[in-house]
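Next up, data_4.tsv (TSV, N, CA and C atoms):
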```
chain	number	residue	atom	x	y	z
A	20	MET	N	-58.36	-50.57	14.49
A	20	MET	CA	-58.85	-50.64	13.13
A	20	MET	C	-58.72	-52.06	12.56
A	21	ALA	N	-57.90	-52.87	13.20
A	21	ALA	CA	-57.72	-54.24	12.71
A	21	ALA	C	-59.02	-55.04	12.78
A	22	ASP	N	-59.96	-54.60	13.63
A	22	ASP	CA	-61.22	-55.32	13.79
A	22	ASP	C	-62.32	-54.82	12.86
A	23	LEU	N	-62.05	-53.81	12.06
A	23	LEU	CA	-63.08	-53.18	11.24
A	23	LEU	C	-63.82	-54.19	10.35
A	24	GLU	N	-63.11	-54.96	9.57
A	24	GLU	CA	-63.76	-55.88	8.64
A	24	GLU	C	-64.53	-56.98	9.37
A	25	GLY	N	-63.98	-57.49	10.46
A	25	GLY	CA	-64.68	-58.50	11.24
A	25	GLY	C	-65.97	-57.98	11.84
A	26	LEU	N	-65.95	-56.75	12.34
A	26	LEU	CA	-67.15	-56.15	12.91
A	26	LEU	C	-68.20	-55.87	11.84
A	27	LEU	N	-67.76	-55.38	10.68
A	27	LEU	CA	-68.71	-55.13	9.59
A	27	LEU	C	-69.35	-56.44	9.12
A	28	ALA	N	-68.58	-57.50	9.02
A	28	ALA	CA	-69.13	-58.79	8.60
A	28	ALA	C	-70.13	-59.30	9.64
A	29	LEU	N	-69.81	-59.15	10.92
A	29	LEU	CA	-70.74	-59.57	11.98
A	29	LEU	C	-72.03	-58.76	11.89
A	30	GLU	N	-71.93	-57.46	11.71
A	30	GLU	CA	-73.11	-56.60	11.57
A	30	GLU	C	-74.00	-57.10	10.42
A	31	ARG	N	-73.40	-57.42	9.29
A	31	ARG	CA	-74.19	-57.89	8.13
A	31	ARG	C	-74.85	-59.23	8.40
A	32	ARG	N	-74.19	-60.10	9.18
A	32	ARG	CA	-74.79	-61.40	9.50
A	32	ARG	C	-75.96	-61.24	10.47
A	33	CYS	N	-75.96	-60.18	11.26
A	33	CYS	CA	-76.94	-60.03	12.33
A	33	CYS	C	-78.09	-59.09	12.04
A	34	PHE	N	-77.87	-58.06	11.23
A	34	PHE	CA	-78.87	-57.01	11.08
A	34	PHE	C	-79.14	-56.70	9.61
A	35	ALA	N	-80.38	-56.33	9.34
A	35	ALA	CA	-80.73	-55.78	8.04
A	35	ALA	C	-80.57	-54.26	8.13
A	36	GLY	N	-80.66	-53.59	7.01
A	36	GLY	CA	-80.47	-52.15	6.97
A	36	GLY	C	-81.42	-51.39	7.87
A	37	ASN	N	-82.65	-51.88	8.03
A	37	ASN	CA	-83.62	-51.17	8.87
A	37	ASN	C	-83.59	-51.62	10.32
A	38	GLU	N	-82.59	-52.38	10.70
A	38	GLU	CA	-82.50	-52.87	12.08
A	38	GLU	C	-81.33	-52.26	12.83
A	39	GLY	N	-80.77	-51.18	12.32
A	39	GLY	CA	-79.67	-50.54	13.01
A	39	GLY	C	-78.30	-50.98	12.52
A	40	LEU	N	-78.22	-51.53	11.34
A	40	LEU	CA	-76.95	-51.98	10.77
A	40	LEU	C	-75.98	-50.81	10.67
A	41	PHE	N	-74.80	-50.95	11.27
A	41	PHE	CA	-73.77	-49.92	11.18
A	41	PHE	C	-73.13	-49.97	9.80
A	42	ASN	N	-72.80	-48.81	9.27
A	42	ASN	CA	-72.04	-48.77	8.02
A	42	ASN	C	-70.55	-48.61	8.36
A	43	ARG	N	-69.71	-48.67	7.34
A	43	ARG	CA	-68.26	-48.60	7.52
A	43	ARG	C	-67.84	-47.32	8.26
A	44	ARG	N	-68.40	-46.19	7.87
A	44	ARG	CA	-68.05	-44.92	8.50
A	44	ARG	C	-68.36	-44.93	9.99
A	45	GLN	N	-69.54	-45.47	10.36
A	45	GLN	CA	-69.92	-45.51	11.77
A	45	GLN	C	-68.99	-46.41	12.58
A	46	VAL	N	-68.68	-47.59	12.05
A	46	VAL	CA	-67.80	-48.50	12.79
A	46	VAL	C	-66.40	-47.90	12.92
A	47	ARG	N	-65.88	-47.29	11.86
A	47	ARG	CA	-64.56	-46.63	11.93
A	47	ARG	C	-64.57	-45.57	13.04
A	48	TYR	N	-65.61	-44.76	13.06
A	48	TYR	CA	-65.70	-43.72	14.09
A	48	TYR	C	-65.73	-44.33	15.49
A	49	LEU	N	-66.56	-45.36	15.66
A	49	LEU	CA	-66.70	-45.97	16.99
A	49	LEU	C	-65.42	-46.69	17.42
A	50	LEU	N	-64.64	-47.18	16.48
A	50	LEU	CA	-63.37	-47.81	16.82
A	50	LEU	C	-62.33	-46.79	17.29
A	51	THR	N	-62.48	-45.54	16.88
A	51	THR	CA	-61.48	-44.53	17.24
A	51	THR	C	-61.97	-43.58	18.34
A	52	SER	N	-63.25	-43.64	18.69
A	52	SER	CA	-63.79	-42.72	19.68
A	52	SER	C	-63.28	-43.06	21.08
A	53	PRO	N	-62.79	-42.05	21.82
A	53	PRO	CA	-62.36	-42.32	23.19
A	53	PRO	C	-63.53	-42.59	24.14
A	54	ARG	N	-64.76	-42.34	23.68
A	54	ARG	CA	-65.94	-42.59	24.50
A	54	ARG	C	-66.55	-43.97	24.25
A	55	ALA	N	-65.98	-44.72	23.32
A	55	ALA	CA	-66.56	-46.02	22.94
A	55	ALA	C	-65.61	-47.16	23.25
A	56	ALA	N	-66.20	-48.32	23.48
A	56	ALA	CA	-65.43	-49.55	23.65
A	56	ALA	C	-66.16	-50.66	22.92
A	57	TRP	N	-65.42	-51.47	22.20
A	57	TRP	CA	-65.96	-52.66	21.55
A	57	TRP	C	-65.50	-53.87	22.34
A	58	LEU	N	-66.41	-54.75	22.66
A	58	LEU	CA	-66.09	-56.01	23.32
A	58	LEU	C	-66.43	-57.11	22.32
A	59	VAL	N	-65.45	-57.95	22.01
A	59	VAL	CA	-65.63	-58.96	20.97
A	59	VAL	C	-65.48	-60.34	21.57
A	60	ALA	N	-66.42	-61.23	21.24
A	60	ALA	CA	-66.39	-62.62	21.71
A	60	ALA	C	-65.85	-63.52	20.60
A	61	GLY	N	-64.88	-64.33	20.96
A	61	GLY	CA	-64.35	-65.31	20.02
A	61	GLY	C	-63.86	-64.66	18.74
A	62	ASP	N	-63.97	-65.37	17.66
A	62	ASP	CA	-63.56	-64.88	16.34
A	62	ASP	C	-64.76	-64.18	15.69
A	63	PHE	N	-65.20	-63.09	16.32
A	63	PHE	CA	-66.36	-62.31	15.89
A	63	PHE	C	-67.65	-63.14	15.93
A	64	ALA	N	-67.75	-64.00	16.96
A	64	ALA	CA	-69.01	-64.71	17.19
A	64	ALA	C	-70.05	-63.74	17.74
A	65	GLY	N	-69.56	-62.69	18.38
A	65	GLY	CA	-70.44	-61.66	18.91
A	65	GLY	C	-69.64	-60.43	19.27
A	66	ALA	N	-70.35	-59.32	19.43
A	66	ALA	CA	-69.69	-58.07	19.81
A	66	ALA	C	-70.70	-57.15	20.46
A	67	ALA	N	-70.19	-56.30	21.36
A	67	ALA	CA	-71.00	-55.25	21.97
A	67	ALA	C	-70.24	-53.94	21.84
A	68	CYS	N	-70.97	-52.88	21.55
A	68	CYS	CA	-70.38	-51.55	21.51
A	68	CYS	C	-70.99	-50.75	22.65
A	69	CYS	N	-70.13	-50.22	23.51
A	69	CYS	CA	-70.54	-49.45	24.68
A	69	CYS	C	-70.07	-48.01	24.53
A	70	LEU	N	-70.91	-47.07	24.96
A	70	LEU	CA	-70.56	-45.65	24.89
A	70	LEU	C	-70.73	-44.98	26.24
A	71	ARG	N	-69.82	-44.06	26.55
A	71	ARG	CA	-70.01	-43.14	27.66
A	71	ARG	C	-70.77	-41.95	27.10
A	72	ALA	N	-71.83	-41.53	27.77
A	72	ALA	CA	-72.64	-40.40	27.30
A	72	ALA	C	-72.96	-39.48	28.46
A	73	GLY	N	-73.45	-38.31	28.14
A	73	GLY	CA	-73.83	-37.37	29.17
A	73	GLY	C	-74.39	-36.10	28.56
A	74	ASN	N	-74.92	-35.26	29.42
A	74	ASN	CA	-75.50	-34.00	28.95
A	74	ASN	C	-74.98	-32.81	29.74
A	75	GLY	N	-73.87	-32.95	30.41
A	75	GLY	CA	-73.31	-31.87	31.22
A	75	GLY	C	-73.69	-31.97	32.68
A	76	ARG	N	-74.89	-32.42	32.97
A	76	ARG	CA	-75.35	-32.56	34.36
A	76	ARG	C	-75.17	-33.98	34.86
A	77	GLN	N	-75.39	-34.93	34.01
A	77	GLN	CA	-75.28	-36.32	34.43
A	77	GLN	C	-74.66	-37.15	33.33
A	78	ARG	N	-74.15	-38.32	33.74
A	78	ARG	CA	-73.51	-39.25	32.80
A	78	ARG	C	-74.28	-40.56	32.81
A	79	TRP	N	-74.26	-41.23	31.70
A	79	TRP	CA	-74.85	-42.55	31.61
A	79	TRP	C	-74.10	-43.33	30.54
A	80	GLY	N	-74.37	-44.61	30.50
A	80	GLY	CA	-73.79	-45.46	29.47
A	80	GLY	C	-74.86	-45.83	28.46
A	81	ARG	N	-74.40	-46.12	27.29
A	81	ARG	CA	-75.33	-46.57	26.26
A	81	ARG	C	-74.79	-47.84	25.64
A	82	LEU	N	-75.59	-48.89	25.73
A	82	LEU	CA	-75.28	-50.11	25.01
A	82	LEU	C	-75.73	-49.85	23.58
A	83	TYR	N	-74.78	-49.52	22.73
A	83	TYR	CA	-75.10	-49.03	21.40
A	83	TYR	C	-75.40	-50.17	20.43
A	84	SER	N	-74.77	-51.30	20.66
A	84	SER	CA	-75.01	-52.45	19.79
A	84	SER	C	-74.68	-53.73	20.55
A	85	LEU	N	-75.47	-54.75	20.32
A	85	LEU	CA	-75.19	-56.10	20.80
A	85	LEU	C	-75.54	-57.03	19.66
A	86	ALA	N	-74.54	-57.71	19.15
A	86	ALA	CA	-74.74	-58.59	18.00
A	86	ALA	C	-74.10	-59.94	18.27
A	87	VAL	N	-74.85	-60.99	18.01
A	87	VAL	CA	-74.32	-62.35	18.11
A	87	VAL	C	-74.64	-63.06	16.79
A	88	ASP	N	-73.61	-63.64	16.20
A	88	ASP	CA	-73.76	-64.36	14.94
A	88	ASP	C	-74.91	-65.36	15.07
A	89	PRO	N	-75.83	-65.38	14.11
A	89	PRO	CA	-76.96	-66.33	14.20
A	89	PRO	C	-76.52	-67.78	14.39
A	90	ALA	N	-75.36	-68.16	13.86
A	90	ALA	CA	-74.87	-69.54	14.01
A	90	ALA	C	-74.34	-69.81	15.42
A	91	CYS	N	-74.15	-68.77	16.22
A	91	CYS	CA	-73.57	-68.92	17.55
A	91	CYS	C	-74.54	-68.58	18.68
A	92	ARG	N	-75.80	-68.39	18.35
A	92	ARG	CA	-76.77	-67.99	19.37
A	92	ARG	C	-77.12	-69.15	20.28
A	93	LYS	N	-77.67	-68.81	21.44
A	93	LYS	CA	-78.09	-69.77	22.47
A	93	LYS	C	-76.90	-70.51	23.09
A	94	GLN	N	-75.75	-69.83	23.12
A	94	GLN	CA	-74.55	-70.39	23.74
A	94	GLN	C	-74.06	-69.53	24.90
A	95	GLY	N	-74.82	-68.51	25.27
A	95	GLY	CA	-74.44	-67.64	26.37
A	95	GLY	C	-73.55	-66.47	25.98
A	96	ILE	N	-73.32	-66.28	24.69
A	96	ILE	CA	-72.44	-65.20	24.24
A	96	ILE	C	-73.03	-63.83	24.56
A	97	ALA	N	-74.30	-63.64	24.31
A	97	ALA	CA	-74.93	-62.34	24.59
A	97	ALA	C	-74.87	-62.02	26.08
A	98	ARG	N	-75.15	-62.98	26.92
A	98	ARG	CA	-75.07	-62.75	28.37
A	98	ARG	C	-73.64	-62.39	28.78
A	99	ALA	N	-72.66	-63.10	28.23
A	99	ALA	CA	-71.26	-62.81	28.57
A	99	ALA	C	-70.88	-61.40	28.10
A	100	LEU	N	-71.32	-61.02	26.92
A	100	LEU	CA	-71.04	-59.67	26.43
A	100	LEU	C	-71.72	-58.60	27.28
A	101	LEU	N	-72.95	-58.86	27.70
A	101	LEU	CA	-73.63	-57.91	28.58
A	101	LEU	C	-72.92	-57.79	29.92
A	102	ASP	N	-72.51	-58.91	30.50
A	102	ASP	CA	-71.77	-58.87	31.77
A	102	ASP	C	-70.47	-58.08	31.61
A	103	ALA	N	-69.76	-58.31	30.51
A	103	ALA	CA	-68.51	-57.58	30.26
A	103	ALA	C	-68.80	-56.10	30.05
A	104	SER	N	-69.90	-55.79	29.38
A	104	SER	CA	-70.29	-54.39	29.18
A	104	SER	C	-70.57	-53.72	30.51
A	105	PHE	N	-71.29	-54.39	31.39
A	105	PHE	CA	-71.59	-53.82	32.71
A	105	PHE	C	-70.28	-53.55	33.47
A	106	SER	N	-69.33	-54.45	33.35
A	106	SER	CA	-68.03	-54.25	34.01
A	106	SER	C	-67.33	-53.02	33.44
A	107	TRP	N	-67.37	-52.86	32.12
A	107	TRP	CA	-66.74	-51.70	31.50
A	107	TRP	C	-67.42	-50.41	31.97
A	108	PHE	N	-68.75	-50.41	32.00
A	108	PHE	CA	-69.47	-49.22	32.46
A	108	PHE	C	-69.10	-48.89	33.91
A	109	ARG	N	-69.05	-49.90	34.77
A	109	ARG	CA	-68.69	-49.65	36.17
A	109	ARG	C	-67.28	-49.05	36.27
A	110	ALA	N	-66.35	-49.56	35.46
A	110	ALA	CA	-64.99	-49.03	35.45
A	110	ALA	C	-64.96	-47.58	34.99
A	111	GLN	N	-65.95	-47.15	34.24
A	111	GLN	CA	-66.07	-45.77	33.79
A	111	GLN	C	-66.86	-44.92	34.79
A	112	ASP	N	-67.21	-45.52	35.93
A	112	ASP	CA	-68.00	-44.87	36.97
A	112	ASP	C	-69.38	-44.45	36.46
A	113	ILE	N	-69.98	-45.35	35.70
A	113	ILE	CA	-71.32	-45.13	35.14
A	113	ILE	C	-72.28	-46.07	35.85
A	114	GLY	N	-73.38	-45.50	36.37
A	114	GLY	CA	-74.34	-46.29	37.13
A	114	GLY	C	-75.67	-46.54	36.44
A	115	LEU	N	-75.85	-45.97	35.24
A	115	LEU	CA	-77.10	-46.15	34.51
A	115	LEU	C	-76.76	-46.46	33.05
A	116	VAL	N	-77.37	-47.52	32.53
A	116	VAL	CA	-77.15	-47.92	31.14
A	116	VAL	C	-78.48	-47.84	30.39
A	117	ARG	N	-78.42	-47.29	29.20
A	117	ARG	CA	-79.59	-47.20	28.32
A	117	ARG	C	-79.34	-48.01	27.06
A	118	ALA	N	-80.42	-48.46	26.45
A	118	ALA	CA	-80.33	-49.21	25.19
A	118	ALA	C	-81.68	-49.11	24.48
A	119	GLU	N	-81.71	-49.54	23.25
A	119	GLU	CA	-82.95	-49.67	22.49
A	119	GLU	C	-82.96	-51.04	21.82
A	120	VAL	N	-84.17	-51.54	21.60
A	120	VAL	CA	-84.33	-52.81	20.91
A	120	VAL	C	-85.61	-52.75	20.09
A	121	LYS	N	-85.61	-53.46	18.96
A	121	LYS	CA	-86.83	-53.48	18.15
A	121	LYS	C	-87.98	-54.07	18.97
A	122	ALA	N	-89.13	-53.43	18.88
A	122	ALA	CA	-90.29	-53.87	19.68
A	122	ALA	C	-90.69	-55.30	19.37
A	123	ASP	N	-90.48	-55.75	18.12
A	123	ASP	CA	-90.90	-57.10	17.76
A	123	ASP	C	-89.80	-58.16	17.97
A	124	ASN	N	-88.67	-57.77	18.57
A	124	ASN	CA	-87.59	-58.71	18.84
A	124	ASN	C	-87.78	-59.30	20.24
A	125	THR	N	-88.69	-60.26	20.32
A	125	THR	CA	-89.04	-60.82	21.64
A	125	THR	C	-87.88	-61.56	22.28
A	126	ALA	N	-87.03	-62.21	21.50
A	126	ALA	CA	-85.89	-62.92	22.09
A	126	ALA	C	-84.95	-61.93	22.78
A	127	ALA	N	-84.64	-60.82	22.13
A	127	ALA	CA	-83.75	-59.83	22.73
A	127	ALA	C	-84.41	-59.17	23.94
A	128	ARG	N	-85.69	-58.87	23.83
A	128	ARG	CA	-86.38	-58.24	24.96
A	128	ARG	C	-86.40	-59.16	26.17
A	129	THR	N	-86.57	-60.45	25.95
A	129	THR	CA	-86.54	-61.43	27.03
A	129	THR	C	-85.16	-61.48	27.67
A	130	LEU	N	-84.12	-61.48	26.85
A	130	LEU	CA	-82.75	-61.48	27.37
A	130	LEU	C	-82.48	-60.23	28.19
A	131	TYR	N	-82.81	-59.06	27.65
A	131	TYR	CA	-82.56	-57.82	28.38
A	131	TYR	C	-83.31	-57.80	29.72
A	132	ALA	N	-84.53	-58.28	29.74
A	132	ALA	CA	-85.28	-58.33	31.00
A	132	ALA	C	-84.58	-59.25	31.99
A	133	ALA	N	-84.11	-60.39	31.52
A	133	ALA	CA	-83.41	-61.34	32.40
A	133	ALA	C	-82.10	-60.76	32.92
A	134	MET	N	-81.51	-59.81	32.19
A	134	MET	CA	-80.25	-59.18	32.58
A	134	MET	C	-80.47	-57.89	33.37
A	135	GLY	N	-81.72	-57.65	33.77
A	135	GLY	CA	-81.99	-56.53	34.67
A	135	GLY	C	-82.45	-55.23	34.04
A	136	PHE	N	-82.67	-55.21	32.73
A	136	PHE	CA	-83.18	-54.00	32.08
A	136	PHE	C	-84.68	-53.88	32.29
A	137	SER	N	-85.14	-52.65	32.39
A	137	SER	CA	-86.56	-52.33	32.45
A	137	SER	C	-86.94	-51.58	31.18
A	138	GLU	N	-88.17	-51.80	30.73
A	138	GLU	CA	-88.65	-51.07	29.55
A	138	GLU	C	-89.15	-49.71	30.02
A	139	ALA	N	-88.68	-48.65	29.34
A	139	ALA	CA	-88.95	-47.28	29.79
A	139	ALA	C	-89.68	-46.43	28.75
A	140	GLY	N	-90.23	-47.05	27.75
A	140	GLY	CA	-90.96	-46.28	26.74
A	140	GLY	C	-90.73	-46.84	25.35
A	141	ARG	N	-91.28	-46.14	24.39
A	141	ARG	CA	-91.18	-46.55	22.99
A	141	ARG	C	-90.79	-45.35	22.13
A	142	ILE	N	-90.15	-45.65	21.00
A	142	ILE	CA	-89.80	-44.62	20.03
A	142	ILE	C	-90.34	-45.09	18.68
A	143	VAL	N	-91.35	-44.39	18.19
A	143	VAL	CA	-91.99	-44.74	16.92
A	143	VAL	C	-91.03	-44.42	15.77
A	144	ASP	N	-90.99	-45.30	14.78
A	144	ASP	CA	-90.19	-45.13	13.56
A	144	ASP	C	-88.68	-45.05	13.83
A	145	TYR	N	-88.21	-45.56	14.93
A	145	TYR	CA	-86.79	-45.49	15.30
A	145	TYR	C	-85.91	-46.21	14.29
A	146	TYR	N	-86.33	-47.36	13.85
A	146	TYR	CA	-85.56	-48.16	12.90
A	146	TYR	C	-86.03	-47.96	11.46
A	147	GLY	N	-86.89	-47.00	11.24
A	147	GLY	CA	-87.48	-46.75	9.93
A	147	GLY	C	-88.99	-46.68	10.08
A	148	ALA	N	-89.65	-46.37	9.00
A	148	ALA	CA	-91.11	-46.23	9.02
A	148	ALA	C	-91.77	-47.50	9.54
A	149	GLY	N	-92.56	-47.34	10.57
A	149	GLY	CA	-93.29	-48.47	11.14
A	149	GLY	C	-92.47	-49.37	12.03
A	150	GLU	N	-91.21	-49.05	12.29
A	150	GLU	CA	-90.31	-49.89	13.09
A	150	GLU	C	-90.09	-49.24	14.46
A	151	THR	N	-90.85	-49.67	15.44
A	151	THR	CA	-90.80	-49.09	16.78
A	151	THR	C	-89.68	-49.71	17.61
A	152	ALA	N	-89.04	-48.87	18.41
A	152	ALA	CA	-88.04	-49.33	19.37
A	152	ALA	C	-88.60	-49.25	20.77
A	153	VAL	N	-88.13	-50.13	21.62
A	153	VAL	CA	-88.42	-50.07	23.05
A	153	VAL	C	-87.18	-49.51	23.72
A	154	LYS	N	-87.34	-48.46	24.54
A	154	LYS	CA	-86.25	-47.89	25.31
A	154	LYS	C	-86.04	-48.74	26.56
A	155	LEU	N	-84.79	-49.03	26.86
A	155	LEU	CA	-84.43	-49.86	28.00
A	155	LEU	C	-83.51	-49.09	28.93
A	156	ILE	N	-83.61	-49.37	30.23
A	156	ILE	CA	-82.68	-48.81	31.21
A	156	ILE	C	-82.31	-49.89	32.22
A	157	ARG	N	-81.12	-49.75	32.77
A	157	ARG	CA	-80.65	-50.65	33.83
A	157	ARG	C	-79.71	-49.89	34.73
A	158	ARG	N	-79.96	-49.95	36.02
A	158	ARG	CA	-79.05	-49.37	37.01
A	158	ARG	C	-78.01	-50.42	37.38
A	159	LEU	N	-76.80	-49.97	37.51
A	159	LEU	CA	-75.71	-50.88	37.88
A	159	LEU	C	-75.40	-50.78	39.35
```

Is it possible to express this structure as C-alpha cells?
Amino acid sequence: MADLEGLLALERRCFAGNEGLFNRRQVRYLLTSPRAAWLVAGDFAGAACCLRAGNGRQRWGRLYSLAVDPACRKQGIARALLDASFSWFRAQDIGLVRAEVKADNTAARTLYAAMGFSEAGRIVDYYGAGETAVKLIRRL
C-alpha cells in the first residue's frame, strides 16, 4: 500500500479518463490481490501491472497496465518493464500473455510488436464511445 499514491500519480501523468486510467479503488485492489503483481521502475518513472488469469480449463497472463511517465519515455523503461513482466509470468508458469492497447496509439503498438506481441482482433468502444482497442497476445 506504500506505493498507492505514487502509482496513482503515475497513472494521472500517463492516461486520461477514457484511456484506462485506474482509480484509487482499482489500484488498492490490485495492490492487495494475490493474482496481481506491480513492477515499478525507478521513482515511479514507470510501472506495469501483471495478472494471473484463467477460466478453469486454461491459464494465461494479462498485462493489465503499462505506464511510463511522459518525461521518461524513450529511455528503455517500457522494454525493461515488459521483460520483467515476462519473467514474472514465466515464474507463474504462464505461457500466454494478453493485453489491450488503444488502436490509435501507434507508439505503443510498435513497441508491443517489437516485443513479440501479435494483434489478435479489436474491441469497439473498449475505452469509451468511439475508442477502439486492439487485442494483443504473446506466447512466452

Item to check | d(atom N of Gln45 of chain A, atom C of Arg117 of chain A) in Å | outcome: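 Interatomic distance here is 19.5 Å.
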
Item to check | Proximity to Glu30 of chain A - best of A:Ala66, A:Ala110, A:Leu50, A:Leu58, only C-alpha atoms | outcome: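 For Glu30 of chain A, the nearest of the candidates is A:Ala66.
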
Checklist entry - Which residues, protein or nucleic acid, reach to within 5 Å of (-73.6, -59.9, 19.3) in the file's coordinates when using only N, CA and C atoms, and can you give that as a VMD selection string? => result chain A and resid 65 to 66 85 to 88

Item to check | DSSP-assigned strand (DSSP E or B) among segment 20-157 of chain A, expressed as a ChimeraX atom specification | outcome: /A:55-60,65-73,78-87,115-121,137-142,152-157

Next on the checklist: For a cutoff of 8 Å around the file-coordinate point (-62.1, -59.3, 14.5), which residues qualify once you count all atoms listed in the file? I'd like the result as a list in words.
Outcome noted: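 It turns out the residues near that spot are Ala21, Asp22, Leu23, Glu24, Gly25, Leu26, Leu27, Val59, Gly61, Asp62, Phe63 and Ala64 of chain A.
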
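Atom C of Asp123 of chain A lies 28.4 Å from atom CA of Tyr48 of chain A.
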
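Proximity to Ser84 of chain A was assessed for A:Ala28, A:Gln111, A:Ala72, A:Ala67 counting only N, CA and C atoms; the smallest distance is recorded for A:Ala67.
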
Item to check | Interatomic distance, atom N of Trp107 of chain A to atom CA of Cys69 of chain A (Å, one decimal) | outcome: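 Calculated distance between atom N of Trp107 of chain A and atom CA of Cys69 of chain A is 8.8 Å.
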
Next on the checklist: Give me the residues near Ile156 of chain A as a list in words, where near means some atom within 12 Å (using only C-alpha atoms) and where sequence neighbours in that chain fewer than 2 positions away do not count.
Outcome noted: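 Here the answer would be Trp79, Gly80, Arg81, Leu82, Gly114, Leu115, Val116, Arg117, Ala118, Glu119, Val120, Arg128, Tyr131, Ala132, Met134, Gly135, Phe136, Ser137, Glu138, Ala139, Gly140, Val153, Lys154, Arg158 and Leu159 of chain A.
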
Mind dumping the selected residues with N, CA and C atoms as a tab-separated table (two decimals), in the frame of the given file?
```tsv
chain	number	residue	atom	x	y	z
A	79	TRP	N	-74.26	-41.23	31.70
A	79	TRP	CA	-74.85	-42.55	31.61
A	79	TRP	C	-74.10	-43.33	30.54
A	80	GLY	N	-74.37	-44.61	30.50
A	80	GLY	CA	-73.79	-45.46	29.47
A	80	GLY	C	-74.86	-45.83	28.46
A	81	ARG	N	-74.40	-46.12	27.29
A	81	ARG	CA	-75.33	-46.57	26.26
A	81	ARG	C	-74.79	-47.84	25.64
A	82	LEU	N	-75.59	-48.89	25.73
A	82	LEU	CA	-75.28	-50.11	25.01
A	82	LEU	C	-75.73	-49.85	23.58
A	114	GLY	N	-73.38	-45.50	36.37
A	114	GLY	CA	-74.34	-46.29	37.13
A	114	GLY	C	-75.67	-46.54	36.44
A	115	LEU	N	-75.85	-45.97	35.24
A	115	LEU	CA	-77.10	-46.15	34.51
A	115	LEU	C	-76.76	-46.46	33.05
A	116	VAL	N	-77.37	-47.52	32.53
A	116	VAL	CA	-77.15	-47.92	31.14
A	116	VAL	C	-78.48	-47.84	30.39
A	117	ARG	N	-78.42	-47.29	29.20
A	117	ARG	CA	-79.59	-47.20	28.32
A	117	ARG	C	-79.34	-48.01	27.06
A	118	ALA	N	-80.42	-48.46	26.45
A	118	ALA	CA	-80.33	-49.21	25.19
A	118	ALA	C	-81.68	-49.11	24.48
A	119	GLU	N	-81.71	-49.54	23.25
A	119	GLU	CA	-82.95	-49.67	22.49
A	119	GLU	C	-82.96	-51.04	21.82
A	120	VAL	N	-84.17	-51.54	21.60
A	120	VAL	CA	-84.33	-52.81	20.91
A	120	VAL	C	-85.61	-52.75	20.09
A	128	ARG	N	-85.69	-58.87	23.83
A	128	ARG	CA	-86.38	-58.24	24.96
A	128	ARG	C	-86.40	-59.16	26.17
A	131	TYR	N	-82.81	-59.06	27.65
A	131	TYR	CA	-82.56	-57.82	28.38
A	131	TYR	C	-83.31	-57.80	29.72
A	132	ALA	N	-84.53	-58.28	29.74
A	132	ALA	CA	-85.28	-58.33	31.00
A	132	ALA	C	-84.58	-59.25	31.99
A	134	MET	N	-81.51	-59.81	32.19
A	134	MET	CA	-80.25	-59.18	32.58
A	134	MET	C	-80.47	-57.89	33.37
A	135	GLY	N	-81.72	-57.65	33.77
A	135	GLY	CA	-81.99	-56.53	34.67
A	135	GLY	C	-82.45	-55.23	34.04
A	136	PHE	N	-82.67	-55.21	32.73
A	136	PHE	CA	-83.18	-54.00	32.08
A	136	PHE	C	-84.68	-53.88	32.29
A	137	SER	N	-85.14	-52.65	32.39
A	137	SER	CA	-86.56	-52.33	32.45
A	137	SER	C	-86.94	-51.58	31.18
A	138	GLU	N	-88.17	-51.80	30.73
A	138	GLU	CA	-88.65	-51.07	29.55
A	138	GLU	C	-89.15	-49.71	30.02
A	139	ALA	N	-88.68	-48.65	29.34
A	139	ALA	CA	-88.95	-47.28	29.79
A	139	ALA	C	-89.68	-46.43	28.75
A	140	GLY	N	-90.23	-47.05	27.75
A	140	GLY	CA	-90.96	-46.28	26.74
A	140	GLY	C	-90.73	-46.84	25.35
A	153	VAL	N	-88.13	-50.13	21.62
A	153	VAL	CA	-88.42	-50.07	23.05
A	153	VAL	C	-87.18	-49.51	23.72
A	154	LYS	N	-87.34	-48.46	24.54
A	154	LYS	CA	-86.25	-47.89	25.31
A	154	LYS	C	-86.04	-48.74	26.56
A	158	ARG	N	-79.96	-49.95	36.02
A	158	ARG	CA	-79.05	-49.37	37.01
A	158	ARG	C	-78.01	-50.42	37.38
A	159	LEU	N	-76.80	-49.97	37.51
A	159	LEU	CA	-75.71	-50.88	37.88
A	159	LEU	C	-75.40	-50.78	39.35
```

Next on the checklist: Using DSSP assignments from the backbone, pull out every residue in chain A that falls under helix (DSSP H, G or I) and give it to me as an MDAnalysis selection string.
Outcome noted: chainID A and resid 23:33 36:38 43:51 89:91 96:110 125:133

Item to check | Nearest-residue call for Cys91 of chain A, choices A:Ala148, A:Val46, A:Ala60, A:Phe41, using only C-alpha atoms | outcome: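 Checking each of A:Ala148, A:Val46, A:Ala60, A:Phe41 against Cys91 of chain A, counting only C-alpha atoms, the winner is A:Ala60.
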
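Distance annotation: of A:Asp112, A:Met20, A:Asn124, A:Gly149, the residue with the minimal separation from Trp57 of chain A is A:Met20; atom set is only C-alpha atoms.
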
As a PDB file with N, CA and C atoms, keeping the file's coordinate frame, please: the residues near Ile142 of chain A (cut-off 6 Å, only C-alpha atoms, same-chain neighbours under 3 positions excluded).
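File written: part-v6.pdb
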```
ATOM      1  N   TYR A 145     -88.210 -45.560  14.930  1.00  0.00           N
ATOM      2  CA  TYR A 145     -86.790 -45.490  15.300  1.00  0.00           C
ATOM      3  C   TYR A 145     -85.910 -46.210  14.290  1.00  0.00           C
ATOM      4  N   THR A 151     -90.850 -49.670  15.440  1.00  0.00           N
ATOM      5  CA  THR A 151     -90.800 -49.090  16.780  1.00  0.00           C
ATOM      6  C   THR A 151     -89.680 -49.710  17.610  1.00  0.00           C
ATOM      7  N   ALA A 152     -89.040 -48.870  18.410  1.00  0.00           N
ATOM      8  CA  ALA A 152     -88.040 -49.330  19.370  1.00  0.00           C
ATOM      9  C   ALA A 152     -88.600 -49.250  20.770  1.00  0.00           C
TER      10      ALA A 152
END
```

Enclose segment 103-119 of chain A, meaning all of its atoms listed in the file, in a box aligned along x, y and z, pad it by 4 Å on each side, and list the centre and edge lengths in Å to one decimal, as JSON.
```
{"center_x": -74.0, "center_y": -51.4, "center_z": 29.5, "size_x": 26.0, "size_y": 21.9, "size_z": 23.3}
```

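The residue that comes closest to Arg78 of chain A, out of A:Gly147, A:Ile113, A:Ala103, A:Pro53 and on the basis of all atoms listed in the file, is A:Ile113.
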